[in-house]
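Q: One file is attached below, final-v7.cif, containing mmCIF, C-alpha atoms.
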data_upload
#
loop_
_atom_site.label_atom_id
_atom_site.label_comp_id
_atom_site.auth_asym_id
_atom_site.auth_seq_id
_atom_site.Cartn_x
_atom_site.Cartn_y
_atom_site.Cartn_z
CA MET A 1 87.43 61.05 162.30
CA ASP A 2 86.51 57.81 164.08
CA ALA A 3 88.56 56.13 166.81
CA GLU A 4 88.34 53.38 169.41
CA VAL A 5 88.59 54.77 172.92
CA ARG A 6 88.77 53.18 176.37
CA ILE A 7 86.67 55.38 178.65
CA GLU A 8 88.45 56.25 181.89
CA ARG A 9 86.22 58.35 184.12
CA TYR A 10 83.19 60.59 184.45
CA ALA A 11 83.41 64.25 183.44
CA ASP A 12 80.83 67.04 183.41
CA GLN A 13 77.76 67.71 181.26
CA GLY A 14 77.04 64.02 180.78
CA ARG A 15 80.42 63.30 179.21
CA CYS A 16 83.24 60.95 180.08
CA VAL A 17 86.98 61.19 179.56
CA GLY A 18 89.26 59.08 177.37
CA HIS A 19 92.49 59.66 175.46
CA ILE A 20 93.41 59.44 171.78
CA ASP A 21 97.15 59.50 171.13
CA GLY A 22 97.68 61.25 174.46
CA ARG A 23 95.04 63.92 173.83
CA VAL A 24 92.04 64.23 176.14
CA VAL A 25 88.70 63.53 174.49
CA PHE A 26 85.35 64.25 176.16
CA VAL A 27 82.83 61.67 174.97
CA ARG A 28 79.04 61.93 175.06
CA PHE A 29 76.96 58.80 175.81
CA ALA A 30 79.88 56.83 177.28
CA LEU A 31 80.51 55.20 180.65
CA PRO A 32 83.76 54.50 182.54
CA GLY A 33 85.42 51.20 181.64
CA GLU A 34 83.76 50.93 178.24
CA LEU A 35 85.53 50.41 174.96
CA VAL A 36 83.66 52.49 172.38
CA ARG A 37 83.95 53.72 168.84
CA VAL A 38 83.74 57.51 168.80
CA THR A 39 83.14 60.03 166.04
CA LEU A 40 84.99 63.24 166.82
CA ASP A 41 83.29 66.58 166.39
CA GLU A 42 84.59 68.94 163.73
CA PRO A 43 87.08 70.48 163.65
CA HIS A 44 89.12 67.73 165.29
CA ASP A 45 92.43 68.65 163.65
CA ARG A 46 92.87 71.90 165.55
CA ASP A 47 95.56 72.41 168.17
CA ASP A 48 93.18 72.67 171.13
CA ARG A 49 94.09 70.88 174.34
CA PHE A 50 91.14 68.48 174.02
CA TRP A 51 88.66 67.05 171.56
CA THR A 52 84.99 66.18 171.90
CA GLY A 53 83.08 63.34 170.34
CA GLU A 54 80.13 61.00 170.59
CA VAL A 55 79.72 57.24 170.87
CA THR A 56 78.72 55.58 167.61
CA GLU A 57 79.25 51.96 168.71
CA VAL A 58 79.72 50.24 172.06
CA LEU A 59 82.32 47.46 171.80
CA GLU A 60 82.49 46.59 175.53
CA ALA A 61 79.57 47.88 177.59
CA SER A 62 79.41 48.97 181.21
CA PRO A 63 76.94 47.12 183.46
CA ASP A 64 75.29 50.53 183.97
CA ARG A 65 74.46 50.92 180.26
CA VAL A 66 70.81 50.63 179.19
CA PRO A 67 69.04 51.34 175.89
CA PRO A 68 68.24 55.08 175.82
CA ALA A 69 65.02 55.55 177.77
CA TRP A 70 64.13 58.43 175.44
CA PRO A 71 65.67 57.45 172.07
CA LEU A 72 65.31 60.94 170.55
CA ALA A 73 67.72 62.26 173.20
CA GLY A 74 70.21 59.42 172.66
CA PRO A 75 73.26 59.35 170.38
CA LEU A 76 73.03 60.73 166.85
CA ALA A 77 74.20 57.37 165.47
CA MET A 78 71.15 55.74 167.07
CA GLY A 79 68.60 58.25 165.73
CA GLY A 80 68.79 60.70 168.63
CA GLY A 81 70.51 64.00 169.08
CA VAL A 82 67.84 66.36 170.44
CA GLY A 83 69.64 66.73 173.76
CA GLY A 84 68.23 67.52 177.17
CA ALA A 85 68.82 64.09 178.74
CA ASP A 86 72.57 63.57 179.04
CA LEU A 87 72.32 60.37 181.12
CA VAL A 88 69.56 58.75 179.06
CA HIS A 89 71.85 55.75 178.40
CA VAL A 90 72.58 55.11 182.10
CA SER A 91 70.58 52.89 184.47
CA LEU A 92 68.89 54.69 187.37
CA PRO A 93 71.36 53.27 189.95
CA GLY A 94 74.20 54.17 187.57
CA GLN A 95 72.95 57.76 187.40
CA LEU A 96 73.20 58.02 191.19
CA ARG A 97 76.75 56.64 191.10
CA TRP A 98 77.69 59.11 188.37
CA LYS A 99 76.37 62.05 190.38
CA ALA A 100 77.91 60.88 193.67
CA VAL A 101 81.36 60.49 192.08
CA THR A 102 81.08 63.83 190.27
CA VAL A 103 80.13 65.78 193.41
CA SER A 104 82.81 64.04 195.50
CA GLU A 105 85.49 64.75 192.89
CA GLN A 106 84.53 68.43 192.68
CA LEU A 107 84.65 68.79 196.47
CA SER A 108 88.09 67.20 196.45
CA ARG A 109 89.44 69.18 193.51
CA LEU A 110 87.99 72.59 194.35
CA GLY A 111 87.49 72.44 198.11
CA HIS A 112 90.25 69.98 199.08
CA ILE A 113 87.62 67.99 200.99
CA ASP A 114 87.79 64.23 200.64
CA VAL A 115 84.35 62.82 201.33
CA ALA A 116 82.03 60.30 199.70
CA VAL A 117 78.81 62.19 199.02
CA PRO A 118 75.59 60.18 199.28
CA ILE A 119 73.07 60.92 196.54
CA GLU A 120 69.42 59.97 196.98
CA ARG A 121 66.43 60.16 194.68
CA ILE A 122 63.47 62.27 195.64
CA ALA A 123 60.34 60.31 196.49
CA GLY A 124 58.54 58.97 193.43
CA ASP A 125 61.42 59.58 191.01
CA GLU A 126 62.16 55.90 190.44
CA GLU A 127 58.53 55.20 189.57
CA LEU A 128 58.76 57.95 186.94
CA GLY A 129 61.88 56.35 185.46
CA GLY A 130 63.95 59.44 186.22
CA PHE A 131 61.73 61.56 183.96
CA HIS A 132 59.06 64.24 184.52
CA TRP A 133 61.09 66.67 186.61
CA ARG A 134 61.49 69.78 184.42
CA THR A 135 59.12 72.62 185.21
CA ARG A 136 60.18 74.60 182.10
CA ILE A 137 60.71 73.49 178.51
CA GLU A 138 61.63 75.27 175.29
CA MET A 139 60.96 74.10 171.75
CA ILE A 140 60.72 75.59 168.28
CA ALA A 141 57.92 75.19 165.72
CA ASP A 142 59.09 73.25 162.67
CA ASP A 143 58.18 74.10 159.06
CA ASP A 144 54.81 72.38 159.54
CA GLY A 145 54.05 74.30 162.75
CA ARG A 146 54.66 71.34 165.08
CA PRO A 147 56.68 71.65 168.30
CA SER A 148 60.21 70.37 167.73
CA MET A 149 63.78 70.40 168.97
CA ARG A 150 66.90 70.90 166.87
CA ARG A 151 69.13 67.90 166.34
CA ARG A 152 72.59 68.64 167.77
CA GLY A 153 75.00 70.18 165.31
CA THR A 154 72.33 70.76 162.65
CA HIS A 155 69.37 72.96 161.79
CA VAL A 156 67.15 69.87 161.46
CA ARG A 157 64.01 70.19 163.57
CA VAL A 158 62.76 66.91 165.03
CA PRO A 159 58.97 67.03 165.70
CA LEU A 160 57.78 66.06 169.18
CA ASP A 161 54.44 64.75 170.37
CA THR A 162 55.38 64.87 174.07
CA MET A 163 58.29 65.81 176.33
CA PRO A 164 59.33 63.04 178.75
CA LEU A 165 61.43 65.44 180.82
CA ALA A 166 58.49 67.73 181.63
CA THR A 167 56.50 67.40 184.84
CA ASN A 168 53.03 65.92 184.58
CA ALA A 169 51.59 69.33 185.52
CA LEU A 170 53.43 70.96 182.63
CA LEU A 171 52.29 68.21 180.24
CA SER A 172 48.70 68.78 181.37
CA VAL A 173 49.01 72.47 180.45
CA ALA A 174 50.56 71.55 177.08
CA ASP A 175 47.67 69.16 176.40
CA ALA A 176 45.06 71.73 177.47
CA GLN A 177 46.63 74.32 175.16
CA HIS A 178 46.83 71.80 172.27
CA VAL A 179 50.58 72.42 171.93
CA TRP A 180 51.23 68.96 170.47
CA ASP A 181 48.53 69.45 167.80
CA GLY A 182 50.73 71.91 165.91
CA GLY A 183 49.28 74.79 163.92
CA LEU A 184 51.96 77.13 165.24
CA GLU A 185 53.80 79.77 163.25
CA PRO A 186 56.85 78.00 161.72
CA GLY A 187 60.04 79.05 163.47
CA SER A 188 58.27 80.45 166.52
CA GLN A 189 59.75 79.82 169.96
CA ILE A 190 57.63 77.74 172.35
CA ARG A 191 58.25 78.21 176.07
CA LEU A 192 56.18 76.52 178.74
CA SER A 193 56.69 77.01 182.47
CA VAL A 194 54.65 75.53 185.31
CA PRO A 195 56.55 76.10 188.59
CA GLU A 196 55.63 73.73 191.36
CA PRO A 197 57.13 72.82 194.74
CA ARG A 198 59.20 69.65 194.90
CA ASP A 199 56.92 68.05 197.50
CA GLY A 200 54.09 67.96 194.94
CA ARG A 201 51.66 70.20 196.83
#
Let's see the structure in the file written out as structure tokens.

A:
Amino acid sequence: MDAEVRIERYADQGRCVGHIDGRVVFVRFALPGELVRVTLDEPHDRDDRFWTGEVTEVLEASPDRVPPAWPLAGPLAMGGGVGGADLVHVSLPGQLRWKAVTVSEQLSRLGHIDVAVPIERIAGDEELGGFHWRTRIEMIADDDGRPSMRRRGTHVRVPLDTMPLATNALLSVADAQHVWDGGLEPGSQIRLSVPEPRDGR
């Protein structure tokens, strides 16, 4: 089922909230204030209190919207769907606003503390475009033995030749181990972990 939805506010897990005929719908790849076309997840005809869905078309965009910085992690309708980067459609300043509002709302709702929480980027994050921060990644070898990730809601394995979320140290290990070259046992789990302190030492 498709519907037009006016997005109202931020939610959790990279989703935003809107309403369809009075029912709450949590929408992936949306931003507050936007008018979007949404495809609801199945089953959408159940009697649950809320629905979930994903943006398939942006009719009125937020100023914080940008083309997905990692298209494979963007919306399914735009060729994405591998997950892992919930705010890939949000500008870097918009990501800070999202996080500041989310933390402030949780403090208010759960702790009854009304405070505007400042959120700051760690040094060097802006130069990296908000990427290269994960010290652990998991993938699965596709039928040809290449590292891949499953497309959301399917068993389709999308081959990868890099991982923009991974730290540069982790990518160096992946390169040294020839992970991106393939030749792995189809269906095998690939886990890489390179812990490192946040100050880069």

Q: Choose the residue, out of A:Leu35, A:Gly79, A:Val55, A:Val101, that has the smallest atom-to-atom separation from Asp12 (chain A); count all atoms listed in the file.

A: A:Val101

Q: For the atom pair CA of Met139 (chain A) and CA of Val82 (chain A), what is the interatomic distance in Å to one decimal place?

A: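 Taking CA of Met139 (chain A) as the start and CA of Val82 (chain A) as the end point, the length is 10.4 Å.
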
Q: May I ask which of the residues A:Gly53, A:Pro147, A:Pro159, A:Gly153 is the closest one to His178 (chain A), counting all atoms listed in the file?

A: A:Pro147

Q: Skipping near chain neighbours, those fewer than 6 positions away, what residues fall within 9 Å of Asp161 (chain A) using all atoms listed in the file, listed as JSON, numbers by chain?

A: {"A": [146, 147, 148, 179, 180, 181]}

Q: I need the chosen residues saved as a PDB file, in the coordinates of the input, with C-alpha atoms.

A:
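Ended up saving to selection_27.pdb:
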ATOM      1  CA  ARG A 146      54.660  71.340 165.080  1.00  0.00           C
ATOM      2  CA  PRO A 147      56.680  71.650 168.300  1.00  0.00           C
ATOM      3  CA  SER A 148      60.210  70.370 167.730  1.00  0.00           C
ATOM      4  CA  VAL A 179      50.580  72.420 171.930  1.00  0.00           C
ATOM      5  CA  TRP A 180      51.230  68.960 170.470  1.00  0.00           C
ATOM      6  CA  ASP A 181      48.530  69.450 167.800  1.00  0.00           C
TER       7      ASP A 181
END

Q: From the list A:Ala11, A:Pro164, A:Asp21, A:Val36, which residue is nearest Pro71 (chain A) when using only C-alpha atoms?

A: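 Using only C-alpha atoms, the shortest distance to Pro71 (chain A) belongs to A:Pro164.
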
Q: Using only C-alpha atoms, which of the listed residues (A:Asp142, A:Asp41, A:Glu120, A:Glu57) sits closest to Gln189 (chain A)?

A: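 Nearest candidate to Gln189 (chain A) out of A:Asp142, A:Asp41, A:Glu120, A:Glu57: A:Asp142.
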
Q: Any chance you could resolve the PyMOL selection byres ((chain A and resi 95-98) around 9) against this file and give the residues as a list in words?

A: Tyr10, Asp64, Leu87, Val90, Ser91, Leu92, Pro93, Gly94, Lys99, Ala100, Val101, Thr102, Val103, Pro118, Ile119, Glu120 and Arg121 of chain A

Q: Using only C-alpha atoms for the distances, tell me which of A:Thr162, A:Thr154, A:Asn168, A:Thr135 is nearest to Val194 (chain A).

A: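 Among the listed residues, the smallest separation from Val194 (chain A) belongs to A:Thr135.
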
Q: Which one is closest to Val5 (chain A): A:Leu72, A:Ala30, A:Val38, A:Val117? Count all atoms listed in the file.

A: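 The answer is A:Val38, which sits nearest to Val5 (chain A).
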
Q: Between CA of His132 (chain A) and CA of Ala169 (chain A), what distance in Å does the model show, to one decimal?

A: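 Atom-to-atom, CA of His132 (chain A) to CA of Ala169 (chain A), that is 9.1 Å.
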
Q: Evaluate the PyMOL selection byres ((chain A and resi 70) around 10) and record the selected residues as a list in words, following the chain and residue labels used in the document.

A: Pro67, Pro68, Ala69, Pro71, Leu72, Ala73, Gly74, Gly80, Ala85, Val88, His89, Phe131, Met163, Pro164 and Leu165 of chain A

Q: Measure the distance from CA of Leu76 (chain A) to CA of Thr56 (chain A) in Å and round it to one decimal.

A: 7.7 Å

Q: Kindly list the centre and edge lengths in Å, rounded to one decimal, for the axis-aligned box that covers all listed atoms of region 28-37 of chain A plus 6 Å on each of its six sides, as lines of an AutoDock Vina configuration file.

A:
center_x = 81.2
center_y = 56.2
center_z = 175.7
size_x = 20.6
size_y = 23.5
size_z = 25.7

Q: Rebuild region 76-87 of chain A so that it carries all heavy atoms, then output the result as a PDB file, in the frame of the given file.

A:
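Output saved as rebuild06.pdb:
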ATOM      1  N   LEU A  76      73.388  60.460 168.244  1.00  0.00           N
ATOM      2  CA  LEU A  76      73.030  60.730 166.850  1.00  0.00           C
ATOM      3  C   LEU A  76      73.040  59.448 166.025  1.00  0.00           C
ATOM      4  O   LEU A  76      72.160  59.225 165.200  1.00  0.00           O
ATOM      5  CB  LEU A  76      74.023  61.724 166.241  1.00  0.00           C
ATOM      6  CG  LEU A  76      73.867  63.187 166.621  1.00  0.00           C
ATOM      7  CD1 LEU A  76      75.102  63.974 166.204  1.00  0.00           C
ATOM      8  CD2 LEU A  76      72.621  63.768 165.996  1.00  0.00           C
ATOM      9  N   ALA A  77      74.044  58.593 166.256  1.00  0.00           N
ATOM     10  CA  ALA A  77      74.200  57.370 165.470  1.00  0.00           C
ATOM     11  C   ALA A  77      73.041  56.405 165.687  1.00  0.00           C
ATOM     12  O   ALA A  77      72.858  55.476 164.900  1.00  0.00           O
ATOM     13  CB  ALA A  77      75.523  56.680 165.815  1.00  0.00           C
ATOM     14  N   MET A  78      72.271  56.620 166.756  1.00  0.00           N
ATOM     15  CA  MET A  78      71.150  55.740 167.070  1.00  0.00           C
ATOM     16  C   MET A  78      69.825  56.460 166.858  1.00  0.00           C
ATOM     17  O   MET A  78      68.802  56.095 167.437  1.00  0.00           O
ATOM     18  CB  MET A  78      71.283  55.216 168.493  1.00  0.00           C
ATOM     19  CG  MET A  78      72.558  54.424 168.705  1.00  0.00           C
ATOM     20  SD  MET A  78      72.816  54.022 170.445  1.00  0.00           S
ATOM     21  CE  MET A  78      74.513  53.432 170.393  1.00  0.00           C
ATOM     22  N   GLY A  79      69.829  57.536 166.052  1.00  0.00           N
ATOM     23  CA  GLY A  79      68.600  58.250 165.730  1.00  0.00           C
ATOM     24  C   GLY A  79      68.218  59.353 166.685  1.00  0.00           C
ATOM     25  O   GLY A  79      67.132  59.916 166.579  1.00  0.00           O
ATOM     26  N   GLY A  80      69.095  59.667 167.645  1.00  0.00           N
ATOM     27  CA  GLY A  80      68.790  60.700 168.630  1.00  0.00           C
ATOM     28  C   GLY A  80      69.375  62.040 168.262  1.00  0.00           C
ATOM     29  O   GLY A  80      69.431  62.408 167.107  1.00  0.00           O
ATOM     30  N   GLY A  81      69.826  62.753 169.308  1.00  0.00           N
ATOM     31  CA  GLY A  81      70.510  64.000 169.080  1.00  0.00           C
ATOM     32  C   GLY A  81      69.776  65.256 169.480  1.00  0.00           C
ATOM     33  O   GLY A  81      70.285  66.351 169.283  1.00  0.00           O
ATOM     34  N   VAL A  82      68.551  65.141 170.083  1.00  0.00           N
ATOM     35  CA  VAL A  82      67.840  66.360 170.440  1.00  0.00           C
ATOM     36  C   VAL A  82      68.325  66.952 171.760  1.00  0.00           C
ATOM     37  O   VAL A  82      68.014  68.092 172.076  1.00  0.00           O
ATOM     38  CB  VAL A  82      66.310  66.174 170.484  1.00  0.00           C
ATOM     39  CG1 VAL A  82      65.779  65.750 169.127  1.00  0.00           C
ATOM     40  CG2 VAL A  82      65.886  65.223 171.569  1.00  0.00           C
ATOM     41  N   GLY A  83      69.072  66.192 172.531  1.00  0.00           N
ATOM     42  CA  GLY A  83      69.640  66.730 173.760  1.00  0.00           C
ATOM     43  C   GLY A  83      68.637  66.785 174.902  1.00  0.00           C
ATOM     44  O   GLY A  83      67.501  66.344 174.793  1.00  0.00           O
ATOM     45  N   GLY A  84      69.102  67.335 176.021  1.00  0.00           N
ATOM     46  CA  GLY A  84      68.230  67.520 177.170  1.00  0.00           C
ATOM     47  C   GLY A  84      68.254  66.397 178.179  1.00  0.00           C
ATOM     48  O   GLY A  84      67.750  66.552 179.283  1.00  0.00           O
ATOM     49  N   ALA A  85      68.814  65.242 177.830  1.00  0.00           N
ATOM     50  CA  ALA A  85      68.820  64.090 178.740  1.00  0.00           C
ATOM     51  C   ALA A  85      70.179  63.403 178.631  1.00  0.00           C
ATOM     52  O   ALA A  85      70.309  62.354 178.017  1.00  0.00           O
ATOM     53  CB  ALA A  85      67.681  63.128 178.400  1.00  0.00           C
ATOM     54  N   ASP A  86      71.188  64.013 179.228  1.00  0.00           N
ATOM     55  CA  ASP A  86      72.570  63.570 179.040  1.00  0.00           C
ATOM     56  C   ASP A  86      72.853  62.160 179.563  1.00  0.00           C
ATOM     57  O   ASP A  86      73.772  61.507 179.096  1.00  0.00           O
ATOM     58  CB  ASP A  86      73.528  64.541 179.726  1.00  0.00           C
ATOM     59  CG  ASP A  86      73.478  65.927 179.107  1.00  0.00           C
ATOM     60  OD1 ASP A  86      73.230  66.027 177.892  1.00  0.00           O
ATOM     61  OD2 ASP A  86      73.683  66.908 179.846  1.00  0.00           O
ATOM     62  N   LEU A  87      72.078  61.700 180.543  1.00  0.00           N
ATOM     63  CA  LEU A  87      72.320  60.370 181.120  1.00  0.00           C
ATOM     64  C   LEU A  87      71.247  59.368 180.694  1.00  0.00           C
ATOM     65  O   LEU A  87      70.994  58.384 181.381  1.00  0.00           O
ATOM     66  CB  LEU A  87      72.390  60.460 182.648  1.00  0.00           C
ATOM     67  CG  LEU A  87      73.427  61.421 183.217  1.00  0.00           C
ATOM     68  CD1 LEU A  87      73.494  61.304 184.738  1.00  0.00           C
ATOM     69  CD2 LEU A  87      74.805  61.183 182.616  1.00  0.00           C
TER      70      LEU A  87
END
